[in-house]
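Trainee: Right, I'll just put the structure down here and ask away after.
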Amino acid sequence: MQDKMIARAKELLRDGAVNRVLGWKTGEFVYDITPAVFTSAEELDRDFVFDAFTAANLSKYLVKESKKEGKVLAFLKPCDSYSFQQLIKEHRVDRENVYIVGIPCEGKVDIEALKARGISGITAIEETADAVTVKTVYDEDITVAKQDVLFERCVNCKSKKVVICDEMLGENGEIVDSDRFDAVAKLEAMTPDERFAFWQNELSRCIRCNACRNVCPACTCEKCVFDNVNSGVEHKVAANSFEESLFHIIRAYHVAGRCTDCGECSRVCPQHIPLHLLNRKFIKDMNELYGEYQAGADTETRPPLVNFSMDDCEPSIVYQRGGNA
Amino acid sequence: MQVENKEFKPLIVAFCCNWCSYAGADLAGTNRLNYPADVKIIRVPCSCRVNPMFILRAFQRGADGVIICGCHPGDCHYTTGNYYARRRMTALFSMLDYLGIEKGRTRVEWVSAAEGQRFAETMNSFVSTIISLGENKRLEDLRCKTK
Ligand code: SF4
Ligand code: SF4
Ligand code: FES
């Protein structure tokens with residue numbers, strides 16, 4: 001795939017269809033991948049990578065890239081295409097300035113999952129449909145089942161379909177059945193005290209690095225409420241274990257109805273806080289109360305929170321609905 | 001040693017829309033209907049002015065309960081504001097419940113300008129709910145509390 005992508009990118013550069021390419025390049029380690037812009041064939045040959053580790057969603061970069069001079073080529077995975085389409089809906093990107101090549105995705109590998117299996121010193125990775133093989137500095141060749149080392153979002157993938165592109169490289173996939181709301185339902189079935197304990201444990205680990213906000217393709221405000229110096233919590237260490245709850249509730253709230261469930265927030269969290277469980281709660285609720293809605297699936301339908309119907313339920317429904325008292 | 005028996009005095013924040021509920025509160029006042037002084041009313045132009053952040057900020061700073069009052073659905077001064085507020089608050093309350101915050105600390109009520117009696121009753125019932133729930137510990141933020 002990587003070779004095919006590089007070849008196509010070179011072609012488009014040569015023809016002048018685009019003047020730069022947005023893709024991924026390796027950082028200090030092979031699993032340390034970073035999004036990057038390439039402007040020449042030499043750079044592409046030298047640095048461009050696409051493998052089981054290239055997980056980053058490139059859509060957010062297009063907010064700025066699409067405002068620059070000339071067309072940019074972007075490779076988008078199914079997840080990224082939902083984010084990009086959502087950005088079009090919100091008028092955050094200039095569609096005409098982007099040439100999108102859709103690429104199929106078989107799931108991306110979480111380095112933490114490999115490390116948890118005691119695998120370290122990785123120097124190369126290769127994948128087949130259901131297994132990955134890594135080479136290490138210890139001259140090992142280790143093969144593991146893909147399912148066991150994928151990101152959570154890939155295990156519970158919602159769609160393998162690229163929803164917007166100018167051309168597809170390889171075969172486009174389909175929307176898949178996923179169990180992504182199961183974990184939310186499990187929490188809902190707990191008692192409030194258990195839920196509180198669960199979230200206190202998770203959120204107390206937050207170090208407010210803001211990585212989740214910065215990576216999120218739905219978080220594209222020029223000025224963010226969390227940078228408000230008058231908030232009273234700027235640069236202050238939390239004094240008890242649940243004080244970052246406001247940040248988390250509001251962060252999830254601000255992307256409610258716009259979050260495509262791309263999973264980037266959970267992926268980048270250095271503290272491994274399952275942020276997707278917050279986003280998916282909003283998605284699940286809104287699906288149940290206001291009808292099925294998938295952000296980024298199209299550019300026309302109105303998101304649930306900027307819409308209403310005369311016979312919507314009252315907020316008190318929350319206190320009568322399922323779950324535990 | 002003297003043990004002080006402090007009675008729990010809840011701090012309640014009520015966001016009242018200017019056109020209905022705030023007028024309802026006024027009417028309750030002119031009719032000398034009683035509701036607890038612990039209810040601090042904040043006037044907003046419309047129930048949909050209430051940003052979820054306002055509610056959480058109130059809790060951070062020590063509120064024990066937050067109630068949002070607006071015009072009855074269909075009667076909003078801006079026609080549809082309260083319909084949006086209804087969805088927003090439903091989503092927010094559900095999230096609070098999901099995080100294990102006690103049910104009942106937040107409420108939405110529709111009170112018209114003519115319903116002074118209903119305003120007083122609503123506040124009385126909300127205050128008694130909060131008294132039974134006790135102090136808000138789960139959403140307070142010691143960094144922003146002044147006392
Ligand atoms: S909140 Fe997380 S899952 Fe949702 S769009 Fe943002 S990064 Fe993706
Ligand atoms: S990425 Fe994780 S640690 Fe950083 S602010 Fe977000 S939740 Fe907190
Ligand atoms: S003006 Fe009262 S709810 Fe909108």
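Residues in the structure tokens are numbered from 1 in each chain, the chains being A, B, ... in the order shown, and ligands are numbered from 1 in the order shown.
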For chain A, report every residue with an atom at most 9 Å from chain B (counting only C-alpha atoms), formatted as JSON, numbers by chain.

Mentor: {"A": [187, 188, 191, 192, 193, 194, 195, 196, 197, 198, 199, 200, 231, 232, 233, 236, 237, 238, 239, 240, 242, 243, 244, 245, 246, 249, 250, 253, 256, 278, 281, 282, 285, 286, 304, 305, 306, 307, 308, 309, 310, 312, 313, 314, 315, 316, 317, 318, 319, 325]}

Trainee: Can you check which residues of range 24-78 of chain B DSSP gives as helix (DSSP H, G or I) on the backbone and send them as a PyMOL selection string?

Mentor: chain B and resi 24-30+47-49+52-60

Trainee: What would the file look like if the residues just selected were written as a compact mmCIF listing (two decimals), in the first residue's frame with N, CA and C atoms?

Mentor:
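File produced: result.txt:
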# COMPACT_ATOMS: atom_id res chain seq x y z
N GLY B 24 -42.59 35.46 36.95
CA GLY B 24 -43.31 34.57 37.88
C GLY B 24 -42.77 34.73 39.29
N ALA B 25 -41.44 34.86 39.38
CA ALA B 25 -40.81 35.04 40.69
C ALA B 25 -41.26 36.37 41.28
N ASP B 26 -41.35 37.36 40.43
CA ASP B 26 -41.81 38.68 40.85
C ASP B 26 -43.21 38.60 41.42
N LEU B 27 -44.04 37.89 40.70
CA LEU B 27 -45.43 37.74 41.11
C LEU B 27 -45.51 37.03 42.46
N ALA B 28 -44.68 36.00 42.60
CA ALA B 28 -44.65 35.29 43.88
C ALA B 28 -44.31 36.27 44.99
N GLY B 29 -43.37 37.19 44.68
CA GLY B 29 -42.97 38.19 45.66
C GLY B 29 -44.10 39.13 46.00
N THR B 30 -44.75 39.71 44.97
CA THR B 30 -45.83 40.67 45.23
C THR B 30 -47.00 40.02 45.94
N SER B 47 -34.28 30.78 28.40
CA SER B 47 -33.72 29.56 28.99
C SER B 47 -32.57 29.02 28.13
N CYS B 48 -32.60 29.31 26.83
CA CYS B 48 -31.54 28.77 25.98
C CYS B 48 -30.24 29.57 26.13
N ARG B 49 -30.26 30.64 26.93
CA ARG B 49 -29.01 31.35 27.22
C ARG B 49 -28.15 30.54 28.18
N PRO B 52 -24.28 25.06 29.40
CA PRO B 52 -24.02 23.99 30.36
C PRO B 52 -22.87 24.35 31.31
N MET B 53 -21.96 25.14 30.81
CA MET B 53 -20.83 25.57 31.62
C MET B 53 -21.31 26.39 32.82
N PHE B 54 -22.37 27.20 32.66
CA PHE B 54 -22.88 28.01 33.78
C PHE B 54 -23.25 27.09 34.93
N ILE B 55 -23.88 26.00 34.58
CA ILE B 55 -24.39 25.08 35.60
C ILE B 55 -23.22 24.42 36.33
N LEU B 56 -22.25 23.97 35.56
CA LEU B 56 -21.10 23.32 36.18
C LEU B 56 -20.29 24.31 37.00
N ARG B 57 -20.19 25.54 36.51
CA ARG B 57 -19.46 26.56 37.26
C ARG B 57 -20.15 26.84 38.59
N ALA B 58 -21.46 26.87 38.56
CA ALA B 58 -22.21 27.10 39.81
C ALA B 58 -21.88 25.98 40.79
N PHE B 59 -21.87 24.75 40.31
CA PHE B 59 -21.56 23.62 41.19
C PHE B 59 -20.12 23.70 41.69
N GLN B 60 -19.21 24.06 40.80
CA GLN B 60 -17.80 24.17 41.20
C GLN B 60 -17.65 25.15 42.35

Trainee: Once you count only C-alpha atoms and all ligand atoms, which residues end up within 9 Å of ligand 3, and could you hand them over as a count of residues only?

Mentor: 31

Trainee: Residues within 6 Å of ligand 2 (only C-alpha atoms and all ligand atoms), as a VMD selection string?

Mentor: chain A and resid 206 to 212 268 to 271 273

Trainee: Where does chain A meet ligand 1 within 7 Å, residue by residue, with the nearest atom pair and distance in Å to one decimal for each, counting only C-alpha atoms and all ligand atoms, listed by chain and rising number, as JSON lines?

Mentor:
{"residue": "A:Ser83", "atom": "CA", "partner": "ligand 1", "partner_atom_place_in_ligand_line": "5 (S)", "distance": 6.7}
{"residue": "A:Cys212", "atom": "CA", "partner": "ligand 1", "partner_atom_place_in_ligand_line": "7 (S)", "distance": 6.5}
{"residue": "A:Val215", "atom": "CA", "partner": "ligand 1", "partner_atom_place_in_ligand_line": "7 (S)", "distance": 6.1}
{"residue": "A:Cys216", "atom": "CA", "partner": "ligand 1", "partner_atom_place_in_ligand_line": "7 (S)", "distance": 3.6}
{"residue": "A:Pro217", "atom": "CA", "partner": "ligand 1", "partner_atom_place_in_ligand_line": "6 (Fe)", "distance": 5.5}
{"residue": "A:Ala218", "atom": "CA", "partner": "ligand 1", "partner_atom_place_in_ligand_line": "5 (S)", "distance": 5.0}
{"residue": "A:Cys219", "atom": "CA", "partner": "ligand 1", "partner_atom_place_in_ligand_line": "6 (Fe)", "distance": 6.6}
{"residue": "A:Ala252", "atom": "CA", "partner": "ligand 1", "partner_atom_place_in_ligand_line": "1 (S)", "distance": 6.3}
{"residue": "A:Val255", "atom": "CA", "partner": "ligand 1", "partner_atom_place_in_ligand_line": "1 (S)", "distance": 5.9}
{"residue": "A:Arg258", "atom": "CA", "partner": "ligand 1", "partner_atom_place_in_ligand_line": "5 (S)", "distance": 6.9}
{"residue": "A:Cys259", "atom": "CA", "partner": "ligand 1", "partner_atom_place_in_ligand_line": "4 (Fe)", "distance": 3.8}
{"residue": "A:Thr260", "atom": "CA", "partner": "ligand 1", "partner_atom_place_in_ligand_line": "5 (S)", "distance": 4.8}
{"residue": "A:Asp261", "atom": "CA", "partner": "ligand 1", "partner_atom_place_in_ligand_line": "3 (S)", "distance": 3.7}
{"residue": "A:Cys262", "atom": "CA", "partner": "ligand 1", "partner_atom_place_in_ligand_line": "8 (Fe)", "distance": 3.9}
{"residue": "A:Gly263", "atom": "CA", "partner": "ligand 1", "partner_atom_place_in_ligand_line": "3 (S)", "distance": 3.8}
{"residue": "A:Glu264", "atom": "CA", "partner": "ligand 1", "partner_atom_place_in_ligand_line": "7 (S)", "distance": 4.0}
{"residue": "A:Cys265", "atom": "CA", "partner": "ligand 1", "partner_atom_place_in_ligand_line": "2 (Fe)", "distance": 4.1}
{"residue": "A:Ser266", "atom": "CA", "partner": "ligand 1", "partner_atom_place_in_ligand_line": "2 (Fe)", "distance": 6.6}
{"residue": "A:His276", "atom": "CA", "partner": "ligand 1", "partner_atom_place_in_ligand_line": "3 (S)", "distance": 5.9}
{"residue": "A:Asn279", "atom": "CA", "partner": "ligand 1", "partner_atom_place_in_ligand_line": "1 (S)", "distance": 6.0}

Trainee: Restricting the output to N, CA and C atoms, write the selected residues as a PDB file, in the first residue's frame.

Mentor:
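Ended up saving to selection-v7.pdb:
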ATOM      1  N   SER A  83     -14.520  12.577   9.707  1.00  0.00           N
ATOM      2  CA  SER A  83     -14.118  13.838  10.341  1.00  0.00           C
ATOM      3  C   SER A  83     -14.054  14.952   9.311  1.00  0.00           C
ATOM      4  N   CYS A 212      -6.054  15.710  24.253  1.00  0.00           N
ATOM      5  CA  CYS A 212      -7.323  15.227  23.700  1.00  0.00           C
ATOM      6  C   CYS A 212      -8.038  16.335  22.938  1.00  0.00           C
ATOM      7  N   VAL A 215      -5.982  17.299  19.609  1.00  0.00           N
ATOM      8  CA  VAL A 215      -5.984  16.355  18.493  1.00  0.00           C
ATOM      9  C   VAL A 215      -7.358  16.241  17.838  1.00  0.00           C
ATOM     10  N   CYS A 216      -8.381  16.575  18.580  1.00  0.00           N
ATOM     11  CA  CYS A 216      -9.760  16.317  18.131  1.00  0.00           C
ATOM     12  C   CYS A 216     -10.114  17.121  16.882  1.00  0.00           C
ATOM     13  N   PRO A 217     -10.517  16.431  15.809  1.00  0.00           N
ATOM     14  CA  PRO A 217     -10.881  17.153  14.591  1.00  0.00           C
ATOM     15  C   PRO A 217     -12.183  17.950  14.746  1.00  0.00           C
ATOM     16  N   ALA A 218     -12.947  17.658  15.784  1.00  0.00           N
ATOM     17  CA  ALA A 218     -14.165  18.445  16.006  1.00  0.00           C
ATOM     18  C   ALA A 218     -13.866  19.699  16.830  1.00  0.00           C
ATOM     19  N   CYS A 219     -12.755  19.706  17.526  1.00  0.00           N
ATOM     20  CA  CYS A 219     -12.351  20.867  18.321  1.00  0.00           C
ATOM     21  C   CYS A 219     -11.537  21.820  17.455  1.00  0.00           C
ATOM     22  N   ALA A 252     -16.516  16.980  26.190  1.00  0.00           N
ATOM     23  CA  ALA A 252     -17.389  16.028  25.498  1.00  0.00           C
ATOM     24  C   ALA A 252     -18.658  16.725  25.005  1.00  0.00           C
ATOM     25  N   VAL A 255     -18.381  18.712  21.732  1.00  0.00           N
ATOM     26  CA  VAL A 255     -18.321  17.940  20.489  1.00  0.00           C
ATOM     27  C   VAL A 255     -19.544  17.028  20.324  1.00  0.00           C
ATOM     28  N   ARG A 258     -21.314  16.322  17.076  1.00  0.00           N
ATOM     29  CA  ARG A 258     -20.329  16.611  16.032  1.00  0.00           C
ATOM     30  C   ARG A 258     -19.201  15.589  16.065  1.00  0.00           C
ATOM     31  N   CYS A 259     -19.060  14.931  17.199  1.00  0.00           N
ATOM     32  CA  CYS A 259     -18.035  13.898  17.356  1.00  0.00           C
ATOM     33  C   CYS A 259     -18.371  12.734  16.441  1.00  0.00           C
ATOM     34  N   THR A 260     -17.419  12.366  15.598  1.00  0.00           N
ATOM     35  CA  THR A 260     -17.661  11.270  14.664  1.00  0.00           C
ATOM     36  C   THR A 260     -17.250   9.930  15.271  1.00  0.00           C
ATOM     37  N   ASP A 261     -16.750   9.970  16.492  1.00  0.00           N
ATOM     38  CA  ASP A 261     -16.260   8.784  17.186  1.00  0.00           C
ATOM     39  C   ASP A 261     -15.028   8.223  16.473  1.00  0.00           C
ATOM     40  N   CYS A 262     -14.127   9.126  16.139  1.00  0.00           N
ATOM     41  CA  CYS A 262     -12.913   8.707  15.436  1.00  0.00           C
ATOM     42  C   CYS A 262     -11.888   8.120  16.401  1.00  0.00           C
ATOM     43  N   GLY A 263     -12.076   8.380  17.692  1.00  0.00           N
ATOM     44  CA  GLY A 263     -11.222   7.756  18.690  1.00  0.00           C
ATOM     45  C   GLY A 263      -9.865   8.391  18.909  1.00  0.00           C
ATOM     46  N   GLU A 264      -9.614   9.537  18.299  1.00  0.00           N
ATOM     47  CA  GLU A 264      -8.303  10.164  18.460  1.00  0.00           C
ATOM     48  C   GLU A 264      -8.037  10.584  19.906  1.00  0.00           C
ATOM     49  N   CYS A 265      -9.070  11.097  20.578  1.00  0.00           N
ATOM     50  CA  CYS A 265      -8.884  11.566  21.958  1.00  0.00           C
ATOM     51  C   CYS A 265      -8.363  10.452  22.856  1.00  0.00           C
ATOM     52  N   SER A 266      -9.008   9.287  22.782  1.00  0.00           N
ATOM     53  CA  SER A 266      -8.549   8.169  23.614  1.00  0.00           C
ATOM     54  C   SER A 266      -7.167   7.696  23.178  1.00  0.00           C
ATOM     55  N   HIS A 276     -13.488   7.994  25.021  1.00  0.00           N
ATOM     56  CA  HIS A 276     -14.560   7.604  24.097  1.00  0.00           C
ATOM     57  C   HIS A 276     -15.828   7.225  24.847  1.00  0.00           C
ATOM     58  N   ASN A 279     -17.805  10.490  25.062  1.00  0.00           N
ATOM     59  CA  ASN A 279     -18.383  10.880  23.776  1.00  0.00           C
ATOM     60  C   ASN A 279     -19.516   9.949  23.366  1.00  0.00           C
TER      61      ASN A 279
END

Trainee: Give me, please, the distance in Å between CA of Gly170 in chain A and CA of Asp32 in chain A, quoted to one decimal.

Mentor: 25.7 Å
